>>> print(open('query.json').read())   # JSON, C-alpha atoms
[["chain", "number", "residue", "atom", "x", "y", "z"],
["A", 1, "MET", "CA", 241.40, 13.68, 59.09],
["A", 2, "SER", "CA", 245.15, 13.91, 58.49],
["A", 3, "ASN", "CA", 245.38, 16.16, 61.55],
["A", 4, "ASN", "CA", 243.85, 13.39, 63.61],
["A", 5, "ILE", "CA", 246.35, 10.86, 62.23],
["A", 6, "PHE", "CA", 249.28, 13.18, 63.00],
["A", 7, "SER", "CA", 247.92, 13.71, 66.49],
["A", 8, "LYS", "CA", 247.67, 9.95, 67.05],
["A", 9, "LEU", "CA", 251.17, 9.42, 65.67],
["A", 10, "GLU", "CA", 252.52, 12.13, 67.94],
["A", 11, "GLN", "CA", 250.84, 10.52, 70.96],
["A", 12, "LEU", "CA", 252.24, 7.15, 69.92],
["A", 13, "GLU", "CA", 255.72, 8.62, 69.56],
["A", 14, "ASN", "CA", 255.48, 10.21, 73.01],
["A", 15, "LYS", "CA", 254.42, 6.89, 74.52],
["A", 16, "ILE", "CA", 257.29, 5.11, 72.78],
["A", 17, "GLN", "CA", 259.78, 7.69, 74.08],
["A", 18, "LYS", "CA", 258.35, 7.28, 77.56],
["A", 19, "LEU", "CA", 258.69, 3.47, 77.32],
["A", 20, "ILE", "CA", 262.27, 3.81, 76.09],
["A", 21, "GLN", "CA", 263.09, 6.05, 79.06],
["A", 22, "GLU", "CA", 261.42, 3.68, 81.50],
["A", 23, "ASN", "CA", 263.29, 0.75, 79.96],
["A", 24, "PHE", "CA", 266.58, 2.60, 80.44],
["A", 25, "GLU", "CA", 265.70, 3.41, 84.07],
["A", 26, "TYR", "CA", 264.78, -0.22, 84.77],
["A", 27, "LYS", "CA", 268.06, -1.40, 83.26],
["A", 28, "GLU", "CA", 269.92, 0.96, 85.59],
["A", 29, "LYS", "CA", 267.95, -0.34, 88.56],
["A", 30, "ILE", "CA", 268.70, -3.93, 87.59],
["A", 31, "ALA", "CA", 272.41, -3.13, 87.31],
["A", 32, "ASN", "CA", 272.32, -1.48, 90.74],
["A", 33, "PHE", "CA", 270.53, -4.47, 92.25],
["A", 34, "GLU", "CA", 273.03, -6.88, 90.67],
["A", 35, "LYS", "CA", 275.87, -4.84, 92.16],
["A", 36, "LEU", "CA", 274.16, -4.89, 95.56],
["A", 37, "ILE", "CA", 273.63, -8.66, 95.33],
["A", 38, "LYS", "CA", 277.32, -9.18, 94.53],
["A", 39, "GLU", "CA", 278.34, -7.03, 97.49],
["A", 40, "GLN", "CA", 275.97, -8.96, 99.76],
["A", 41, "MET", "CA", 277.30, -12.30, 98.49],
["A", 42, "ASP", "CA", 280.88, -11.16, 99.12],
["A", 43, "GLN", "CA", 279.90, -10.10, 102.62],
["A", 44, "LEU", "CA", 278.15, -13.43, 103.20],
["A", 45, "GLN", "CA", 281.25, -15.33, 102.10],
["A", 46, "ALA", "CA", 283.41, -13.25, 104.44],
["A", 47, "CYS", "CA", 281.02, -13.99, 107.32],
["A", 48, "GLU", "CA", 281.05, -17.68, 106.48],
["A", 49, "ALA", "CA", 284.85, -17.72, 106.50],
["A", 50, "GLU", "CA", 284.88, -15.89, 109.82],
["A", 51, "LYS", "CA", 282.34, -18.37, 111.22],
["A", 52, "GLN", "CA", 284.54, -21.31, 110.19],
["A", 53, "GLN", "CA", 287.55, -19.65, 111.78],
["A", 54, "LEU", "CA", 285.60, -19.14, 115.01],
["A", 55, "TYR", "CA", 284.54, -22.79, 115.02],
["A", 56, "ARG", "CA", 288.19, -23.80, 114.67],
["A", 57, "GLN", "CA", 289.10, -21.49, 117.55],
["A", 58, "ILE", "CA", 286.35, -23.03, 119.69],
["A", 59, "ASP", "CA", 287.70, -26.51, 118.95],
["A", 60, "GLN", "CA", 291.23, -25.39, 119.82],
["A", 61, "LEU", "CA", 290.04, -23.82, 123.06],
["A", 62, "LYS", "CA", 288.13, -26.95, 124.01],
["A", 63, "LEU", "CA", 291.17, -29.07, 123.29],
["A", 64, "GLY", "CA", 293.41, -26.72, 125.26],
["A", 65, "LYS", "CA", 290.98, -26.77, 128.14],
["A", 66, "ALA", "CA", 290.94, -30.57, 128.06],
["A", 67, "PHE", "CA", 294.73, -30.72, 128.18],
["A", 68, "ALA", "CA", 294.74, -28.24, 131.05],
["A", 69, "GLY", "CA", 293.35, -30.97, 133.24],
["A", 70, "ASN", "CA", 289.60, -30.44, 133.26],
["A", 71, "GLU", "CA", 288.21, -33.89, 133.79],
["A", 72, "GLY", "CA", 284.99, -33.18, 131.94],
["A", 73, "ASN", "CA", 286.81, -32.73, 128.67],
["A", 74, "ASN", "CA", 289.19, -35.71, 128.88],
["A", 75, "GLU", "CA", 287.02, -37.88, 126.64],
["A", 76, "GLU", "CA", 286.79, -35.10, 124.08],
["A", 77, "ALA", "CA", 290.55, -34.66, 124.14],
["A", 78, "LYS", "CA", 291.04, -38.40, 123.63],
["A", 79, "ARG", "CA", 288.65, -38.38, 120.67],
["A", 80, "LYS", "CA", 290.46, -35.41, 119.14],
["A", 81, "ILE", "CA", 293.85, -37.05, 119.61],
["A", 82, "ASP", "CA", 292.55, -40.29, 118.06],
["A", 83, "SER", "CA", 291.20, -38.31, 115.12],
["A", 84, "LEU", "CA", 294.53, -36.54, 114.65],
["A", 85, "ILE", "CA", 296.42, -39.84, 114.83],
["A", 86, "LYS", "CA", 294.14, -41.32, 112.16],
["A", 87, "GLU", "CA", 294.79, -38.30, 109.94],
["A", 88, "ILE", "CA", 298.53, -38.62, 110.44],
["A", 89, "ASN", "CA", 298.39, -42.34, 109.63],
["A", 90, "LEU", "CA", 296.47, -41.61, 106.44],
["A", 91, "CYS", "CA", 299.06, -39.02, 105.44],
["A", 92, "ILE", "CA", 301.91, -41.45, 106.14],
["A", 93, "ALA", "CA", 300.18, -44.15, 104.13],
["A", 94, "ALA", "CA", 299.67, -41.72, 101.24],
["A", 95, "LEU", "CA", 303.34, -40.77, 101.34],
["A", 96, "LYS", "CA", 304.42, -44.43, 101.24],
["A", 97, "ASP", "CA", 302.44, -45.01, 98.02]]
>>> encode(input="query.json", output="structure tokens")
Amino acid sequence: MSNNIFSKLEQLENKIQKLIQENFEYKEKIANFEKLIKEQMDQLQACEAEKQQLYRQIDQLKLGKAFAGNEGNNEEAKRKIDSLIKEINLCIAALKD
């Protein structure tokens, strides 16, 4: 009877050791995934910044094209100039305060 108890305890100990090892492996996997997520988020932020820069370049090119004399973009150029003037006026008003 005591042999049977020792056998059961030994099996239980082996299962516990196996669970401990699996737990350690899962913790390592989680750490690796968290590192991968951080790298992906950094890459996403870099892409977002690049996208914003490209949008600014597109706006600048459109404005340059409008000033070059393309009639189709004259209205867009006027809107952009009006927008810039409003921004300048707001800055001047802020400086006066």
>>> atom_distance(input="query.json", atom1="CA of Lys18 (chain A)", atom2="CA of Lys35 (chain A)")
25.8 Å
>>> residues_around(input="query.json", residues="region 57-68 of chain A", least_positions_apart="6", cutoff="12 Å", atoms="all atoms listed in the file", output="ChimeraX atom specification")
/A:50-51,74-81,84
>>> atom_distance(input="query.json", atom1="CA of Arg56 (chain A)", atom2="CA of Glu87 (chain A)")
16.6 Å
>>> atom_distance(input="query.json", atom1="CA of Lys38 (chain A)", atom2="CA of Tyr26 (chain A)")
18.2 Å
>>> decode(input="query.json", residues="region 44-71 of chain A", atoms="N, CA and C atoms", output="PDB file, in the first residue's frame")
ATOM      1  N   LEU A  44       5.030  50.593 -36.923  1.00  0.00           N
ATOM      2  CA  LEU A  44       3.775  51.238 -37.310  1.00  0.00           C
ATOM      3  C   LEU A  44       3.860  52.746 -37.114  1.00  0.00           C
ATOM      4  N   GLN A  45       4.435  53.180 -35.992  1.00  0.00           N
ATOM      5  CA  GLN A  45       4.581  54.607 -35.735  1.00  0.00           C
ATOM      6  C   GLN A  45       5.491  55.259 -36.778  1.00  0.00           C
ATOM      7  N   ALA A  46       6.563  54.558 -37.145  1.00  0.00           N
ATOM      8  CA  ALA A  46       7.469  55.088 -38.170  1.00  0.00           C
ATOM      9  C   ALA A  46       6.746  55.223 -39.503  1.00  0.00           C
ATOM     10  N   CYS A  47       5.943  54.230 -39.837  1.00  0.00           N
ATOM     11  CA  CYS A  47       5.165  54.285 -41.090  1.00  0.00           C
ATOM     12  C   CYS A  47       4.150  55.416 -41.049  1.00  0.00           C
ATOM     13  N   GLU A  48       3.539  55.607 -39.914  1.00  0.00           N
ATOM     14  CA  GLU A  48       2.555  56.688 -39.774  1.00  0.00           C
ATOM     15  C   GLU A  48       3.229  58.046 -39.945  1.00  0.00           C
ATOM     16  N   ALA A  49       4.401  58.204 -39.352  1.00  0.00           N
ATOM     17  CA  ALA A  49       5.141  59.459 -39.505  1.00  0.00           C
ATOM     18  C   ALA A  49       5.531  59.676 -40.964  1.00  0.00           C
ATOM     19  N   GLU A  50       5.967  58.614 -41.620  1.00  0.00           N
ATOM     20  CA  GLU A  50       6.336  58.717 -43.031  1.00  0.00           C
ATOM     21  C   GLU A  50       5.110  59.072 -43.878  1.00  0.00           C
ATOM     22  N   LYS A  51       3.972  58.472 -43.541  1.00  0.00           N
ATOM     23  CA  LYS A  51       2.736  58.771 -44.279  1.00  0.00           C
ATOM     24  C   LYS A  51       2.375  60.245 -44.139  1.00  0.00           C
ATOM     25  N   GLN A  52       2.480  60.789 -42.925  1.00  0.00           N
ATOM     26  CA  GLN A  52       2.170  62.199 -42.706  1.00  0.00           C
ATOM     27  C   GLN A  52       3.120  63.091 -43.491  1.00  0.00           C
ATOM     28  N   GLN A  53       4.387  62.708 -43.513  1.00  0.00           N
ATOM     29  CA  GLN A  53       5.371  63.476 -44.275  1.00  0.00           C
ATOM     30  C   GLN A  53       5.037  63.443 -45.767  1.00  0.00           C
ATOM     31  N   LEU A  54       4.632  62.290 -46.263  1.00  0.00           N
ATOM     32  CA  LEU A  54       4.257  62.186 -47.674  1.00  0.00           C
ATOM     33  C   LEU A  54       3.028  63.022 -47.995  1.00  0.00           C
ATOM     34  N   TYR A  55       2.063  63.050 -47.074  1.00  0.00           N
ATOM     35  CA  TYR A  55       0.888  63.897 -47.291  1.00  0.00           C
ATOM     36  C   TYR A  55       1.292  65.375 -47.363  1.00  0.00           C
ATOM     37  N   ARG A  56       2.225  65.782 -46.496  1.00  0.00           N
ATOM     38  CA  ARG A  56       2.688  67.167 -46.542  1.00  0.00           C
ATOM     39  C   ARG A  56       3.384  67.457 -47.874  1.00  0.00           C
ATOM     40  N   GLN A  57       4.168  66.494 -48.340  1.00  0.00           N
ATOM     41  CA  GLN A  57       4.854  66.671 -49.622  1.00  0.00           C
ATOM     42  C   GLN A  57       3.844  66.781 -50.769  1.00  0.00           C
ATOM     43  N   ILE A  58       2.801  65.976 -50.713  1.00  0.00           N
ATOM     44  CA  ILE A  58       1.755  66.044 -51.739  1.00  0.00           C
ATOM     45  C   ILE A  58       1.116  67.420 -51.741  1.00  0.00           C
ATOM     46  N   ASP A  59       0.803  67.929 -50.541  1.00  0.00           N
ATOM     47  CA  ASP A  59       0.201  69.269 -50.454  1.00  0.00           C
ATOM     48  C   ASP A  59       1.143  70.322 -51.013  1.00  0.00           C
ATOM     49  N   GLN A  60       2.417  70.204 -50.694  1.00  0.00           N
ATOM     50  CA  GLN A  60       3.398  71.175 -51.192  1.00  0.00           C
ATOM     51  C   GLN A  60       3.509  71.090 -52.713  1.00  0.00           C
ATOM     52  N   LEU A  61       3.509  69.881 -53.244  1.00  0.00           N
ATOM     53  CA  LEU A  61       3.579  69.720 -54.693  1.00  0.00           C
ATOM     54  C   LEU A  61       2.349  70.287 -55.383  1.00  0.00           C
ATOM     55  N   LYS A  62       1.187  70.049 -54.789  1.00  0.00           N
ATOM     56  CA  LYS A  62      -0.045  70.607 -55.366  1.00  0.00           C
ATOM     57  C   LYS A  62       0.007  72.127 -55.360  1.00  0.00           C
ATOM     58  N   LEU A  63       0.464  72.679 -54.255  1.00  0.00           N
ATOM     59  CA  LEU A  63       0.546  74.129 -54.149  1.00  0.00           C
ATOM     60  C   LEU A  63       1.564  74.676 -55.152  1.00  0.00           C
ATOM     61  N   GLY A  64       2.703  74.019 -55.261  1.00  0.00           N
ATOM     62  CA  GLY A  64       3.709  74.432 -56.230  1.00  0.00           C
ATOM     63  C   GLY A  64       3.191  74.359 -57.654  1.00  0.00           C
ATOM     64  N   LYS A  65       2.443  73.303 -57.927  1.00  0.00           N
ATOM     65  CA  LYS A  65       1.862  73.131 -59.259  1.00  0.00           C
ATOM     66  C   LYS A  65       0.846  74.242 -59.539  1.00  0.00           C
ATOM     67  N   ALA A  66       0.092  74.610 -58.508  1.00  0.00           N
ATOM     68  CA  ALA A  66      -0.900  75.667 -58.681  1.00  0.00           C
ATOM     69  C   ALA A  66      -0.211  77.001 -58.959  1.00  0.00           C
ATOM     70  N   PHE A  67       0.882  77.269 -58.274  1.00  0.00           N
ATOM     71  CA  PHE A  67       1.596  78.520 -58.494  1.00  0.00           C
ATOM     72  C   PHE A  67       2.341  78.514 -59.824  1.00  0.00           C
ATOM     73  N   ALA A  68       2.569  77.346 -60.374  1.00  0.00           N
ATOM     74  CA  ALA A  68       3.267  77.260 -61.659  1.00  0.00           C
ATOM     75  C   ALA A  68       2.374  77.702 -62.811  1.00  0.00           C
ATOM     76  N   GLY A  69       1.111  77.886 -62.539  1.00  0.00           N
ATOM     77  CA  GLY A  69       0.241  78.427 -63.572  1.00  0.00           C
ATOM     78  C   GLY A  69      -0.776  77.446 -64.109  1.00  0.00           C
ATOM     79  N   ASN A  70      -0.921  76.296 -63.499  1.00  0.00           N
ATOM     80  CA  ASN A  70      -1.958  75.365 -63.943  1.00  0.00           C
ATOM     81  C   ASN A  70      -3.318  75.895 -63.488  1.00  0.00           C
ATOM     82  N   GLU A  71      -4.157  76.157 -64.430  1.00  0.00           N
ATOM     83  CA  GLU A  71      -5.444  76.780 -64.116  1.00  0.00           C
ATOM     84  C   GLU A  71      -6.335  75.894 -63.258  1.00  0.00           C
TER      85      GLU A  71
END
